[in-house]
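**Q** If you scroll down you'll find the structure; I have some questions about it.
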Amino acid sequence: MVEGEILMKVVMLGNNTKEEIEKRLQIVASAGNLSRADGTVTQVLESHNDYETNLKLARAIVGYGHKSISEHDYLVFALEDVTPIIEQIIIGYRLTSFTIKSRRNVDFRSVGFYVPNFKDVNGNVLENNEQLQAEYKKYMQSLFDKYGELVDEEIPVEDCRYILPYSYHSNIIMGCDANELLNMASDMMYGKISKIAEVRELGEKLSAMIKDYVPYLDRALDKEKDKKYYTDNLEFLDELVPQIEFPQQAHLLESVEMTDYTHNADWKVLVSALMARYQYTYEQAEEVLHQLGDVRSTIKRDMMQGIINNKQQRELEQVIFSYQIPISLAVLTHITRHRMHSLLVPEFTSFDLANYITPETVSENHKEEYDQIFADNKLTQEYFASQGVRPEDLIYFLLSGNACNITTTMNGRTLEWISRMRCCNKAQWEIRNIANKMTELASNVAPLIGQGLGPTCKVFGYCNEGKDSCKNRGVVVKKKEIK
């Protein structure tokens, strides 16, 4: 098969037989009627045993705007041969679950790549589309060939991938409830991202599956096309911003920076613990904490250690930390996948291809060649743009090493969890450097919270990685159970 001619495939994994669809609908309809019906949950379920009645009821309730009943309906999909453009978009939906083929462990030289029909800004296929496609295929294959050469030189696969174009094929298992599926499909069909042909294709496939397998949402999906919230309500800025006297060219940050945080974060966490435990007001809890300091000099440290060692750690959620972070596309999903933070990522069409991250292993012997790859790639994208290709079709010239600045705000508990995963020596080096800097900055302004930031070996003195442990700090390595 010629590279680039593999077609996207979307398969629903189970829950799609007639009996399964009827059972799922029974649960959704029962949930919709539960608050107004007599009897127990099981009695209500047993009374909703007619498919057509359940379908009519569920459609009506969803039509009133009560879509939460569809969150009891869970679906799992296999997405084959989609690009990381799709990958990053779906991971951005906070209520999805996903497992993705790893570029850290798998050689991607033969996975194939996506070839768009090149269109103008009005969505019309260009007259020289076939010629551009031929040039595109040849160029993309050259990048995959160069990737393969680096892999063959035994440079780590996770570093070679920085030159992989964002056209490569990815494979994903994705799970979500029906409400999130509706949000995803409607955005892909009617939102700004629908201008990306591949995204719209996935939206069409998911929409068809909704009509077949989640029929009570079909009318809600049809109504989405007329929603005003798909309009770009900040478009006026594109005319105003160029008029002001300010450097127009954005630059890539040199390192992670903290842009905001809860002042007296340590104090607020400790006070909130007393409020929850004893029902004190904030003022009362502050006074008690002051007096506890007279009783035990280490009270603040001891309380924070108690909070850190709890499973729930709700007290840490009372404080926030905001960051701006320079990050490559290669590891963007590593931070996007942490759901409980408010992440803003630039649109793919706004990336400056002059910005990129260089792995040390590549820089050692291939720095000049690596830089030339990124310089040539920028020129190639500019050539295709000069042929009238719209921005949405140029996004596949993004290389995995291309970088942007992102901004995010997270509570202390999320920061603690990210640091636990990403400060580990087994984490990918770029995201580990980012996480270490995030924890350092947070520890500077909240030293007690900082005691709980970092990998498991640092905070708790043990490692869960079994035989794969780096044996750092001489910690106790827990053996992984074999079931």
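FYI, nothing fancy with the structure tokens labels: chains A, B, ... in order, residues from 1 per chain, ligands from 1 as they appear.
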Quick one: residues within 10 Å of region 417-434 of chain A, only C-alpha atoms counted, chain neighbours fewer than 5 positions away excluded, as an MDAnalysis selection string?
**A** chainID A and resid 104 158:159 255:257 325:328 330:335 338 340 357:360 412 439:440 452:459 463 465 468:472
**Q** Go ahead and dump the residues you just picked, C-alpha atoms, as a PDB file, in the first residue's frame.
**A**
```
ATOM      1  CA  ARG A 104       8.653   6.314  23.353  1.00  0.00           C
ATOM      2  CA  GLU A 158      11.673   8.840  22.093  1.00  0.00           C
ATOM      3  CA  ASP A 159      14.197  11.414  20.823  1.00  0.00           C
ATOM      4  CA  SER A 255      11.772  27.840  30.870  1.00  0.00           C
ATOM      5  CA  VAL A 256       8.615  27.325  32.915  1.00  0.00           C
ATOM      6  CA  GLU A 257       7.401  30.460  34.674  1.00  0.00           C
ATOM      7  CA  ILE A 325       5.217  26.551  29.892  1.00  0.00           C
ATOM      8  CA  PRO A 326       7.312  26.131  26.740  1.00  0.00           C
ATOM      9  CA  ILE A 327       6.618  22.639  25.441  1.00  0.00           C
ATOM     10  CA  SER A 328       7.082  20.568  22.294  1.00  0.00           C
ATOM     11  CA  ALA A 330       6.123  15.551  21.260  1.00  0.00           C
ATOM     12  CA  VAL A 331       5.189  15.765  24.938  1.00  0.00           C
ATOM     13  CA  LEU A 332       2.168  18.086  24.899  1.00  0.00           C
ATOM     14  CA  THR A 333      -0.172  15.158  25.485  1.00  0.00           C
ATOM     15  CA  HIS A 334       1.844  14.244  28.591  1.00  0.00           C
ATOM     16  CA  ILE A 335       0.435  17.296  30.346  1.00  0.00           C
ATOM     17  CA  HIS A 338      -3.861  15.247  33.388  1.00  0.00           C
ATOM     18  CA  MET A 340      -7.945  18.298  36.513  1.00  0.00           C
ATOM     19  CA  ILE A 357      13.047  21.708  21.094  1.00  0.00           C
ATOM     20  CA  THR A 358      16.284  19.771  20.509  1.00  0.00           C
ATOM     21  CA  PRO A 359      16.964  16.488  22.373  1.00  0.00           C
ATOM     22  CA  GLU A 360      20.471  16.220  23.805  1.00  0.00           C
ATOM     23  CA  GLY A 412      -2.321  21.835  44.718  1.00  0.00           C
ATOM     24  CA  THR A 439       7.498  21.897  41.648  1.00  0.00           C
ATOM     25  CA  GLU A 440      10.533  24.072  42.328  1.00  0.00           C
ATOM     26  CA  GLY A 452       4.710  16.626  49.115  1.00  0.00           C
ATOM     27  CA  LEU A 453       5.838  17.438  45.575  1.00  0.00           C
ATOM     28  CA  GLY A 454       8.077  15.113  43.608  1.00  0.00           C
ATOM     29  CA  PRO A 455       8.328  11.415  42.736  1.00  0.00           C
ATOM     30  CA  THR A 456       7.142   8.707  45.102  1.00  0.00           C
ATOM     31  CA  CYS A 457      10.695   7.821  46.099  1.00  0.00           C
ATOM     32  CA  LYS A 458      11.327  11.383  47.324  1.00  0.00           C
ATOM     33  CA  VAL A 459       8.031  11.918  49.122  1.00  0.00           C
ATOM     34  CA  CYS A 463       8.997   3.035  44.314  1.00  0.00           C
ATOM     35  CA  GLU A 465       8.140   0.439  39.361  1.00  0.00           C
ATOM     36  CA  ASP A 468      12.040  -1.240  36.177  1.00  0.00           C
ATOM     37  CA  SER A 469      12.912   1.036  39.094  1.00  0.00           C
ATOM     38  CA  CYS A 470      15.930   3.316  38.708  1.00  0.00           C
ATOM     39  CA  LYS A 471      16.823   2.439  42.350  1.00  0.00           C
ATOM     40  CA  ASN A 472      17.145   6.156  43.066  1.00  0.00           C
TER      41      ASN A 472
END
```
**Q** I want to know what sits within 8 Å of Pro116 (chain A), based on only C-alpha atoms, with residues of the same chain fewer than 6 positions away left out; could you give that as a list in words?
**A**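 The residues satisfying every condition are Gln133, Ala197, Glu198 and Asp393 of chain A.
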**Q** Could you save the residues just selected, with C-alpha atoms, as a PDB file, in the first residue's frame?
**A**
```pdb
ATOM      1  CA  GLN A 133      -0.070  15.685  -2.940  1.00  0.00           C
ATOM      2  CA  ALA A 197     -10.896  17.861   7.063  1.00  0.00           C
ATOM      3  CA  GLU A 198      -9.639  14.916   9.096  1.00  0.00           C
ATOM      4  CA  ASP A 393      -4.178  21.798   5.621  1.00  0.00           C
TER       5      ASP A 393
END
```
**Q** I want to know what sits within 9 Å of Asn402 (chain A), based on only C-alpha atoms, with residues of the same chain fewer than 5 positions away left out; could you give that as a ChimeraX atom specification?
**A** /A:162-163,327-330,351-357,374
**Q** For the selection just defined, write its residues with N, CA, C and O atoms to a file, as a PDB file, in the first residue's frame.
**A**
```pdb
ATOM      1  N   TYR A 162      11.149  13.454  17.513  1.00  0.00           N
ATOM      2  CA  TYR A 162      11.015  14.908  17.438  1.00  0.00           C
ATOM      3  C   TYR A 162      11.003  15.415  16.002  1.00  0.00           C
ATOM      4  O   TYR A 162      10.570  16.535  15.738  1.00  0.00           O
ATOM      5  N   ILE A 163      11.467  14.606  15.044  1.00  0.00           N
ATOM      6  CA  ILE A 163      11.406  15.030  13.645  1.00  0.00           C
ATOM      7  C   ILE A 163      10.225  14.393  12.912  1.00  0.00           C
ATOM      8  O   ILE A 163      10.024  14.656  11.721  1.00  0.00           O
ATOM      9  N   ILE A 327       6.733  24.089  25.551  1.00  0.00           N
ATOM     10  CA  ILE A 327       6.618  22.639  25.441  1.00  0.00           C
ATOM     11  C   ILE A 327       6.546  22.216  23.990  1.00  0.00           C
ATOM     12  O   ILE A 327       5.993  22.930  23.146  1.00  0.00           O
ATOM     13  N   SER A 328       7.127  21.077  23.668  1.00  0.00           N
ATOM     14  CA  SER A 328       7.082  20.568  22.294  1.00  0.00           C
ATOM     15  C   SER A 328       5.796  19.780  22.077  1.00  0.00           C
ATOM     16  O   SER A 328       5.154  19.298  23.022  1.00  0.00           O
ATOM     17  N   LEU A 329       5.438  19.617  20.816  1.00  0.00           N
ATOM     18  CA  LEU A 329       4.282  18.784  20.486  1.00  0.00           C
ATOM     19  C   LEU A 329       4.523  17.337  20.882  1.00  0.00           C
ATOM     20  O   LEU A 329       3.586  16.604  21.166  1.00  0.00           O
ATOM     21  N   ALA A 330       5.797  16.935  20.922  1.00  0.00           N
ATOM     22  CA  ALA A 330       6.123  15.551  21.260  1.00  0.00           C
ATOM     23  C   ALA A 330       5.615  15.159  22.635  1.00  0.00           C
ATOM     24  O   ALA A 330       5.263  14.002  22.874  1.00  0.00           O
ATOM     25  N   PHE A 351       0.929  28.000  15.089  1.00  0.00           N
ATOM     26  CA  PHE A 351       2.291  27.654  15.496  1.00  0.00           C
ATOM     27  C   PHE A 351       3.328  28.338  14.607  1.00  0.00           C
ATOM     28  O   PHE A 351       3.144  28.457  13.389  1.00  0.00           O
ATOM     29  N   ASP A 352       4.424  28.778  15.235  1.00  0.00           N
ATOM     30  CA  ASP A 352       5.575  29.297  14.507  1.00  0.00           C
ATOM     31  C   ASP A 352       6.571  28.150  14.358  1.00  0.00           C
ATOM     32  O   ASP A 352       7.147  27.682  15.341  1.00  0.00           O
ATOM     33  N   LEU A 353       6.790  27.692  13.135  1.00  0.00           N
ATOM     34  CA  LEU A 353       7.645  26.531  12.901  1.00  0.00           C
ATOM     35  C   LEU A 353       9.122  26.806  13.165  1.00  0.00           C
ATOM     36  O   LEU A 353       9.940  25.884  13.124  1.00  0.00           O
ATOM     37  N   ALA A 354       9.443  28.060  13.467  1.00  0.00           N
ATOM     38  CA  ALA A 354      10.838  28.380  13.809  1.00  0.00           C
ATOM     39  C   ALA A 354      11.158  27.989  15.249  1.00  0.00           C
ATOM     40  O   ALA A 354      12.332  27.932  15.633  1.00  0.00           O
ATOM     41  N   ASN A 355      10.132  27.713  16.043  1.00  0.00           N
ATOM     42  CA  ASN A 355      10.325  27.331  17.442  1.00  0.00           C
ATOM     43  C   ASN A 355      10.337  25.811  17.573  1.00  0.00           C
ATOM     44  O   ASN A 355       9.396  25.145  17.146  1.00  0.00           O
ATOM     45  N   TYR A 356      11.385  25.272  18.167  1.00  0.00           N
ATOM     46  CA  TYR A 356      11.445  23.828  18.358  1.00  0.00           C
ATOM     47  C   TYR A 356      12.406  23.479  19.489  1.00  0.00           C
ATOM     48  O   TYR A 356      13.233  24.282  19.914  1.00  0.00           O
ATOM     49  N   ILE A 357      12.234  22.255  20.004  1.00  0.00           N
ATOM     50  CA  ILE A 357      13.047  21.708  21.094  1.00  0.00           C
ATOM     51  C   ILE A 357      14.030  20.698  20.501  1.00  0.00           C
ATOM     52  O   ILE A 357      13.667  19.917  19.608  1.00  0.00           O
ATOM     53  N   PHE A 374      14.489  21.354  10.460  1.00  0.00           N
ATOM     54  CA  PHE A 374      13.435  22.275  10.874  1.00  0.00           C
ATOM     55  C   PHE A 374      13.400  23.517   9.995  1.00  0.00           C
ATOM     56  O   PHE A 374      12.317  24.048   9.695  1.00  0.00           O
TER      57      PHE A 374
END
```
**Q** When distances are computed from only C-alpha atoms, which of A:Ala178, A:Ala60, A:Ile449, A:Leu274 shows the smallest separation from Asn309 (chain A)?
**A** A:Ile449
**Q** Just the number, please: distance in Å from CA of Ser97 (chain A) to CA of Phe397 (chain A), one decimal.
**A**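 About the pair CA of Ser97 (chain A) and CA of Phe397 (chain A): they are 27.6 Å apart.
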**Q** Residues of region 125-203 of chain A classed as alpha helix (DSSP H) by DSSP on the backbone are to be reported as a VMD selection string.
**A** chain A and resid 129 to 152 157 to 160 178 to 190 197 to 203
**Q** Would you list the contacts of region 11-25 of chain A as a PyMOL selection string, taking every protein, DNA or RNA residue within 12 Å and counting only C-alpha atoms, but skipping same-chain residues closer than 4 positions in sequence?
**A** chain A and resi 29-32+45-46+48-59+69-81+171-178+202+205-206+208-217
**Q** So how many Å separate CA of Gln387 (chain A) and CA of Ala375 (chain A), to one decimal?
**A**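 One can read the CA of Gln387 (chain A) to CA of Ala375 (chain A) distance as 19.0 Å.
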**Q** Applying 6 Å and only C-alpha atoms, which residues near Leu316 (chain A) remain after dropping the ones on its own chain fewer than 2 positions away? List them as an MDAnalysis selection string.
**A** chainID A and resid 269 313:314 318 412:413
**Q** Run DSSP on the backbone and tell me which residues of region 294-474 of chain A come out as strand (DSSP E); list them as a PyMOL selection string.
**A** chain A and resi 320-328+341-344+403-411+462-463
**Q** Skipping near chain neighbours, those fewer than 3 positions away, what residues fall within 6 Å of region 260-264 of chain A using only C-alpha atoms, listed as a list of chain:residue names?
**A**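 In the requested form, the answer reads A:Trp267, A:Val319, A:Ile320, A:Phe321, A:Ser322.
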**Q** What would the file look like if the residues just selected were written as a PDB file, in the first residue's frame with C-alpha atoms?
**A**
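Saved to again_7.pdb:
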```pdb
ATOM      1  CA  TRP A 267      -1.505  28.602  55.597  1.00  0.00           C
ATOM      2  CA  VAL A 319      -5.022  26.587  46.520  1.00  0.00           C
ATOM      3  CA  ILE A 320      -3.955  27.162  42.918  1.00  0.00           C
ATOM      4  CA  PHE A 321      -0.779  27.627  40.905  1.00  0.00           C
ATOM      5  CA  SER A 322      -0.660  29.095  37.380  1.00  0.00           C
TER       6      SER A 322
END
```
**Q** Find the residue from A:Leu394, A:Met275, A:Ala435, A:Met258 that sits nearest to Thr408 (chain A); use only C-alpha atoms when measuring.
**A**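 Once distances to Thr408 (chain A) are computed over only C-alpha atoms, the minimum belongs to A:Met258.
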**Q** In Å, how far is it from CA of Lys195 (chain A) to CA of Tyr396 (chain A)?
**A**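 These two atoms are separated by 13.8 Å.
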